[in-house]
$ cat my_file14.tsv   # TSV, C-alpha atoms and all ligand atoms
chain	number	residue	atom	x	y	z
A	1	MET	CA	-7.68	32.15	-78.67
A	2	GLU	CA	-4.58	32.77	-76.58
A	3	LYS	CA	-1.99	34.87	-78.40
A	4	LYS	CA	1.32	33.02	-78.85
A	5	ARG	CA	4.40	34.84	-77.50
A	6	ARG	CA	7.11	35.30	-80.09
A	7	THR	CA	10.73	35.69	-79.13
A	8	LEU	CA	12.44	38.16	-81.39
A	9	ALA	CA	16.19	37.72	-81.75
A	10	GLU	CA	18.12	40.98	-81.25
A	11	PRO	CA	19.02	42.14	-84.78
A	12	PHE	CA	22.57	43.18	-83.86
A	13	ARG	CA	25.84	41.67	-82.67
A	14	ILE	CA	27.57	43.17	-79.65
A	15	LYS	CA	31.23	43.60	-80.55
A	16	MET	CA	32.79	44.96	-77.40
A	17	VAL	CA	33.00	43.50	-73.92
A	18	GLU	CA	33.80	45.17	-70.62
A	19	PRO	CA	34.96	42.79	-67.88
A	20	LEU	CA	32.97	42.96	-64.63
A	21	LYS	CA	34.18	41.88	-61.22
A	22	VAL	CA	32.28	38.73	-60.21
A	23	THR	CA	31.42	39.18	-56.54
A	24	THR	CA	30.32	36.71	-53.89
A	25	GLN	CA	27.17	37.08	-51.82
A	26	GLU	CA	29.38	37.52	-48.76
A	27	HIS	CA	31.24	40.43	-50.40
A	28	ARG	CA	27.99	42.08	-51.53
A	29	THR	CA	26.51	41.77	-48.04
A	30	LYS	CA	29.67	43.32	-46.52
A	31	VAL	CA	29.84	46.33	-48.88
A	32	LEU	CA	26.09	46.95	-48.57
A	33	GLU	CA	26.38	46.97	-44.76
A	34	GLN	CA	29.38	49.29	-44.96
A	35	CYS	CA	27.44	51.85	-46.99
A	36	GLY	CA	24.37	51.65	-44.74
A	37	TYR	CA	22.35	50.07	-47.59
A	38	ASN	CA	22.60	53.31	-49.58
A	39	PRO	CA	23.47	52.15	-53.13
A	40	PHE	CA	24.69	55.67	-54.03
A	41	LEU	CA	27.65	55.05	-51.70
A	42	LEU	CA	28.69	51.80	-53.38
A	43	HIS	CA	31.76	51.73	-55.61
A	44	SER	CA	30.81	50.64	-59.12
A	45	SER	CA	33.73	48.17	-59.00
A	46	ASP	CA	31.76	46.29	-56.29
A	47	VAL	CA	28.63	46.00	-58.46
A	48	PHE	CA	28.10	42.98	-60.69
A	49	ILE	CA	24.55	43.74	-61.93
A	50	ASP	CA	23.59	47.43	-61.61
A	51	LEU	CA	19.91	47.72	-60.70
A	52	LEU	CA	20.21	51.34	-59.52
A	53	THR	CA	20.32	52.93	-62.96
A	54	ASP	CA	20.46	52.51	-66.71
A	55	SER	CA	22.81	55.51	-66.96
A	56	GLY	CA	26.07	54.62	-68.66
A	57	THR	CA	24.99	51.10	-69.50
A	58	GLY	CA	24.19	51.59	-73.20
A	59	ALA	CA	26.39	50.38	-76.05
A	60	MET	CA	27.12	52.41	-79.19
A	61	SER	CA	26.56	50.99	-82.67
A	62	ASP	CA	29.38	50.53	-85.19
A	63	HIS	CA	27.98	53.56	-87.09
A	64	GLN	CA	28.12	55.71	-83.96
A	65	TRP	CA	31.76	54.73	-83.30
A	66	ALA	CA	32.60	55.36	-86.97
A	67	GLY	CA	30.87	58.76	-86.68
A	68	MET	CA	33.30	59.69	-83.92
A	69	MET	CA	36.20	59.01	-86.27
A	70	VAL	CA	34.85	61.05	-89.20
A	71	GLY	CA	33.44	63.86	-87.06
A	72	ASP	CA	35.53	66.83	-85.96
A	73	ALA	CA	35.74	68.42	-82.53
A	74	SER	CA	36.64	71.95	-83.62
A	75	TYR	CA	36.27	74.55	-80.89
A	76	ALA	CA	33.79	76.51	-83.02
A	77	GLY	CA	31.66	75.66	-86.05
A	78	ALA	CA	32.29	71.92	-85.77
A	79	ARG	CA	30.95	69.91	-88.72
A	80	ARG	CA	29.51	67.23	-86.43
A	81	TRP	CA	27.57	69.84	-84.43
A	82	PHE	CA	25.67	70.97	-87.55
A	83	HIS	CA	24.88	67.34	-88.31
A	84	LEU	CA	23.60	66.71	-84.76
A	85	GLU	CA	21.55	69.92	-84.79
A	86	SER	CA	19.85	69.13	-88.11
A	87	VAL	CA	18.98	65.55	-87.09
A	88	VAL	CA	17.59	66.59	-83.67
A	89	LYS	CA	15.57	69.42	-85.26
A	90	GLU	CA	14.15	67.04	-87.83
A	91	LEU	CA	13.21	64.44	-85.20
A	92	THR	CA	11.76	66.80	-82.58
A	93	GLY	CA	10.63	69.84	-84.58
A	94	MET	CA	12.23	72.02	-81.86
A	95	PRO	CA	13.72	75.28	-83.16
A	96	HIS	CA	16.49	75.60	-80.54
A	97	ILE	CA	18.89	72.79	-79.65
A	98	LEU	CA	21.40	72.94	-76.79
A	99	PRO	CA	23.52	69.79	-76.53
A	100	THR	CA	24.53	68.56	-73.08
A	101	HIS	CA	26.59	65.52	-72.17
A	102	GLN	CA	24.11	64.06	-69.65
A	103	GLY	CA	20.54	64.44	-68.39
A	104	ARG	CA	21.65	65.75	-65.01
A	105	ALA	CA	23.73	68.48	-66.71
A	106	ALA	CA	20.72	69.52	-68.84
A	107	GLU	CA	18.62	69.77	-65.67
A	108	ARG	CA	21.26	71.96	-64.00
A	109	ILE	CA	20.95	74.45	-66.87
A	110	LEU	CA	17.15	74.26	-67.22
A	111	TYR	CA	16.27	74.62	-63.53
A	112	GLY	CA	18.96	77.29	-63.10
A	113	ILE	CA	16.74	79.33	-65.45
A	114	LEU	CA	13.24	78.19	-64.37
A	115	GLY	CA	13.95	77.77	-60.64
A	116	GLY	CA	14.62	80.19	-57.79
A	117	LYS	CA	13.18	81.07	-54.36
A	118	ASN	CA	9.35	80.97	-54.07
A	119	LYS	CA	9.05	78.86	-57.24
A	120	VAL	CA	7.18	75.55	-57.10
A	121	PHE	CA	7.56	72.52	-59.37
A	122	LEU	CA	4.91	69.81	-59.50
A	123	SER	CA	5.62	66.34	-60.89
A	124	ASN	CA	4.33	62.77	-60.95
A	125	THR	CA	7.63	62.09	-59.12
A	126	HIS	CA	10.81	64.17	-59.37
A	127	PHE	CA	13.77	62.06	-60.40
A	128	ASP	CA	16.57	62.40	-57.82
A	129	THR	CA	18.78	64.68	-59.93
A	130	THR	CA	15.71	66.71	-60.97
A	131	ARG	CA	14.79	67.31	-57.33
A	132	ALA	CA	18.40	68.11	-56.39
A	133	ASN	CA	18.78	70.65	-59.21
A	134	ILE	CA	15.44	72.28	-58.34
A	135	GLU	CA	16.06	72.45	-54.59
A	136	PHE	CA	19.59	73.80	-55.21
A	137	THR	CA	17.96	76.96	-56.63
A	138	GLY	CA	15.81	77.40	-53.49
A	139	ALA	CA	12.60	76.21	-55.20
A	140	LEU	CA	10.15	73.60	-53.90
A	141	ALA	CA	9.60	70.22	-55.64
A	142	VAL	CA	6.30	68.45	-54.89
A	143	ASP	CA	5.45	64.88	-55.98
A	144	ILE	CA	1.80	64.06	-56.77
A	145	MET	CA	1.44	60.36	-57.31
A	146	PRO	CA	-1.96	58.68	-57.13
A	147	GLU	CA	-2.62	56.97	-53.77
A	148	GLU	CA	-2.75	53.47	-55.33
A	149	ALA	CA	0.84	53.88	-56.63
A	150	ASN	CA	2.03	53.41	-53.04
A	151	ASP	CA	0.60	49.90	-52.98
A	152	PRO	CA	3.03	47.48	-54.71
A	153	GLU	CA	0.41	44.70	-54.53
A	154	LYS	CA	-2.05	46.60	-56.77
A	155	ASP	CA	-1.79	45.57	-60.39
A	156	LEU	CA	-2.68	48.69	-62.42
A	157	PRO	CA	-1.40	49.68	-65.86
A	158	PHE	CA	-0.43	53.34	-65.21
A	159	LYS	CA	0.80	53.76	-61.67
A	160	GLY	CA	3.22	56.48	-62.88
A	161	ASN	CA	0.40	58.96	-63.66
A	162	ILE	CA	-0.11	62.32	-61.97
A	163	ASP	CA	-3.13	62.46	-59.65
A	164	LEU	CA	-5.26	65.03	-61.52
A	165	GLU	CA	-7.39	66.03	-58.53
A	166	LYS	CA	-4.34	66.65	-56.35
A	167	LEU	CA	-2.74	68.57	-59.24
A	168	LYS	CA	-5.69	70.99	-59.44
A	169	VAL	CA	-5.73	71.49	-55.66
A	170	LEU	CA	-1.97	72.13	-55.54
A	171	ILE	CA	-2.03	74.64	-58.41
A	172	LEU	CA	-4.69	76.60	-56.51
A	173	GLU	CA	-2.82	76.22	-53.21
A	174	TYR	CA	0.58	77.38	-54.49
A	175	LYS	CA	-0.99	79.87	-56.95
A	176	ALA	CA	-0.49	79.48	-60.68
A	177	GLU	CA	2.00	82.37	-60.97
A	178	ASN	CA	4.42	80.58	-58.58
A	179	ILE	CA	4.34	77.26	-60.46
A	180	ALA	CA	7.46	77.22	-62.60
A	181	ALA	CA	6.60	73.93	-64.33
A	182	VAL	CA	4.60	70.73	-64.17
A	183	ILE	CA	7.03	67.93	-64.99
A	184	MET	CA	6.05	64.51	-66.27
A	185	THR	CA	8.81	61.95	-65.78
A	186	VAL	CA	8.14	59.18	-68.28
A	187	THR	CA	8.45	56.43	-67.27
A	188	ASN	CA	8.16	57.39	-63.63
A	189	ASN	CA	11.72	56.40	-62.63
A	190	SER	CA	11.74	57.13	-58.93
A	191	SER	CA	8.34	55.54	-58.46
A	192	GLY	CA	9.47	52.10	-59.56
A	193	GLY	CA	9.74	52.93	-63.29
A	194	GLN	CA	5.95	52.88	-63.58
A	195	PRO	CA	4.33	53.77	-66.94
A	196	VAL	CA	2.44	57.03	-67.58
A	197	SER	CA	-0.57	57.04	-69.91
A	198	MET	CA	-0.81	59.37	-72.93
A	199	GLN	CA	-4.32	60.23	-71.68
A	200	ASN	CA	-2.89	61.42	-68.35
A	201	ILE	CA	-0.30	63.58	-70.13
A	202	LEU	CA	-3.09	65.17	-72.22
A	203	GLU	CA	-5.27	65.77	-69.15
A	204	VAL	CA	-2.40	67.26	-67.16
A	205	ARG	CA	-1.77	69.69	-70.01
A	206	LYS	CA	-5.49	70.58	-70.15
A	207	SER	CA	-5.73	71.19	-66.40
A	208	VAL	CA	-2.61	73.34	-66.38
A	209	ILE	CA	-3.87	75.47	-69.28
A	210	ASN	CA	-7.41	75.81	-67.83
A	211	ILE	CA	-6.34	76.70	-64.32
A	212	SER	CA	-3.54	79.07	-65.37
A	213	CYS	CA	-5.97	80.89	-67.71
A	214	CYS	CA	-8.64	81.29	-65.02
A	215	TRP	CA	-6.24	82.57	-62.41
B	301	LIG	C1	14.49	62.84	-65.45
B	301	LIG	C2	15.90	62.31	-65.48
B	301	LIG	N1	16.91	63.15	-65.19
B	301	LIG	C3	18.20	62.72	-65.20
B	301	LIG	C4	18.51	61.43	-65.48
B	301	LIG	C5	19.95	61.02	-65.42
B	301	LIG	O1	20.46	60.90	-66.68
B	301	LIG	P1	22.05	61.06	-66.92
B	301	LIG	O2	22.70	59.80	-66.44
B	301	LIG	O3	22.15	61.25	-68.42
B	301	LIG	O4	22.52	62.28	-66.17
B	301	LIG	C6	17.50	60.51	-65.78
B	301	LIG	C7	17.81	59.10	-66.07
B	301	LIG	O5	16.99	58.24	-66.23
B	301	LIG	C8	16.15	60.98	-65.80
B	301	LIG	O6	15.14	60.15	-66.09
$ encode --input "my_file14.tsv" --output "structure tokens" --more "lines below"
Ligand SMILES: Cc1ncc(COP(=O)(O)O)c(C=O)c1O
Amino acid sequence: MEKKRRTLAEPFRIKMVEPLKVTTQEHRTKVLEQCGYNPFLLHSSDVFIDLLTDSGTGAMSDHQWAGMMVGDASYAGARRWFHLESVVKELTGMPHILPTHQGRAAERILYGILGGKNKVFLSNTHFDTTRANIEFTGALAVDIMPEEANDPEKDLPFKGNIDLEKLKVLILEYKAENIAAVIMTVTNNSSGGQPVSMQNILEVRKSVINISCCW
């Protein structure tokens, strides 16, 4: 029997609105031509619906806004930092927490430590800021998508996976000691936001451990 689709109403009310400039097709065509069809050169004030990114498009809940009022921003030992640290530790089980204001800033710090000349990073696809932060250190960033991911007509469930065969070959080619990290971007943003399977993540981990141990 065919499963009936159920529409679930969003269990929240959005309380704040931000006006957007309503543009005409003529205006959009003109600004796109002017920037050579590179959406990174567009001014956000010319964008009505942003399909480039989800960054900066989220809304905070009433509890989050209230938290900003009751929290303190002391230079050292801030009460709200201890709260954030305990919640993140509880959710992730990670012993060390370093807050950053954005993903790209976190990458700048991380790859500043892991990167450097002669280092190689392998990924299903490096997100643009990931690649930029890696290459800035002089390291090499290599994407290893499966061949079928390049075919938009193919309807497959996990086109964001890493190609395991290519991964093994590349680890041997670049030598395990030069590989600074194997990065899974989930979902695979720069490859059309394609999903990555849990199985693939497990197998990538297994191959990395096996090959690094044998080296
Ligand atoms: C891997 C990765 N790095 C960086 C970013 C950018 O995030 P932010 O806007 O917080 O810098 C994203 C956003 O999707 C991401 O997936």
$ closest_residue --input "my_file14.tsv" --among "A:Thr187, A:Thr23, A:Gln34, A:Thr92" --to "ligand LIG 301 (chain B)" --atoms "only C-alpha atoms and all ligand atoms"
A:Thr187
$ closest_residue --input "my_file14.tsv" --among "A:Leu42, A:Met184, A:Ala76, A:Met60" --to "Met16 of chain A" --atoms "all atoms listed in the file"
A:Met60
$ closest_atom_pairs --input "my_file14.tsv" --of "chain A" --to "ligand LIG 301 (chain B)" --cutoff "6 Å" --atoms "only C-alpha atoms and all ligand atoms" --output "CSV"
residue,atom,partner,partner_atom,distance
A:Ser55,CA,B:LIG301,O2,4.3
A:Gln102,CA,B:LIG301,O3,3.6
A:Gly103,CA,B:LIG301,O3,3.6
A:Arg104,CA,B:LIG301,O4,3.8
A:Phe127,CA,B:LIG301,C1,5.2
A:Thr129,CA,B:LIG301,C3,5.7
A:Thr130,CA,B:LIG301,N1,5.6
A:Thr185,CA,B:LIG301,C1,5.8
$ atom_distance --input "my_file14.tsv" --atom1 "atom CA of Ile209 of chain A" --atom2 "atom CA of Thr100 of chain A"
29.5 Å
$ axis_aligned_box --input "my_file14.tsv" --around "segment 172-191 of chain A" --padding-each-side "4 Å" --output "AutoDock Vina command-line options"
--center_x 3.5 --center_y 69.0 --center_z -60.7 --size_x 24.4 --size_y 34.8 --size_z 23.1
$ closest_atom_pairs --input "my_file14.tsv" --of "segment 127-162 of chain A" --to "segment 170-179 of chain A" --cutoff "10 Å" --atoms "all atoms listed in the file" --output "JSON lines"
{"residue": "A:Ala139", "atom": "CA", "partner": "A:Ile179", "partner_atom": "CA", "distance": 9.8}
{"residue": "A:Leu140", "atom": "CA", "partner": "A:Ile179", "partner_atom": "CA", "distance": 9.5}
{"residue": "A:Val142", "atom": "CA", "partner": "A:Leu170", "partner_atom": "CA", "distance": 9.1}
{"residue": "A:Ile144", "atom": "CA", "partner": "A:Leu170", "partner_atom": "CA", "distance": 9.0}
$ residues_around --input "my_file14.tsv" --residues "Val70 of chain A" --least-positions-apart "3" --cutoff "10 Å" --atoms "only C-alpha atoms" --output "CSV table (one decimal) with C-alpha atoms, in the coordinates of the input"
chain,number,residue,atom,x,y,z
A,65,TRP,CA,31.8,54.7,-83.3
A,66,ALA,CA,32.6,55.4,-87.0
A,67,GLY,CA,30.9,58.8,-86.7
A,73,ALA,CA,35.7,68.4,-82.5
A,79,ARG,CA,31.0,69.9,-88.7
A,80,ARG,CA,29.5,67.2,-86.4
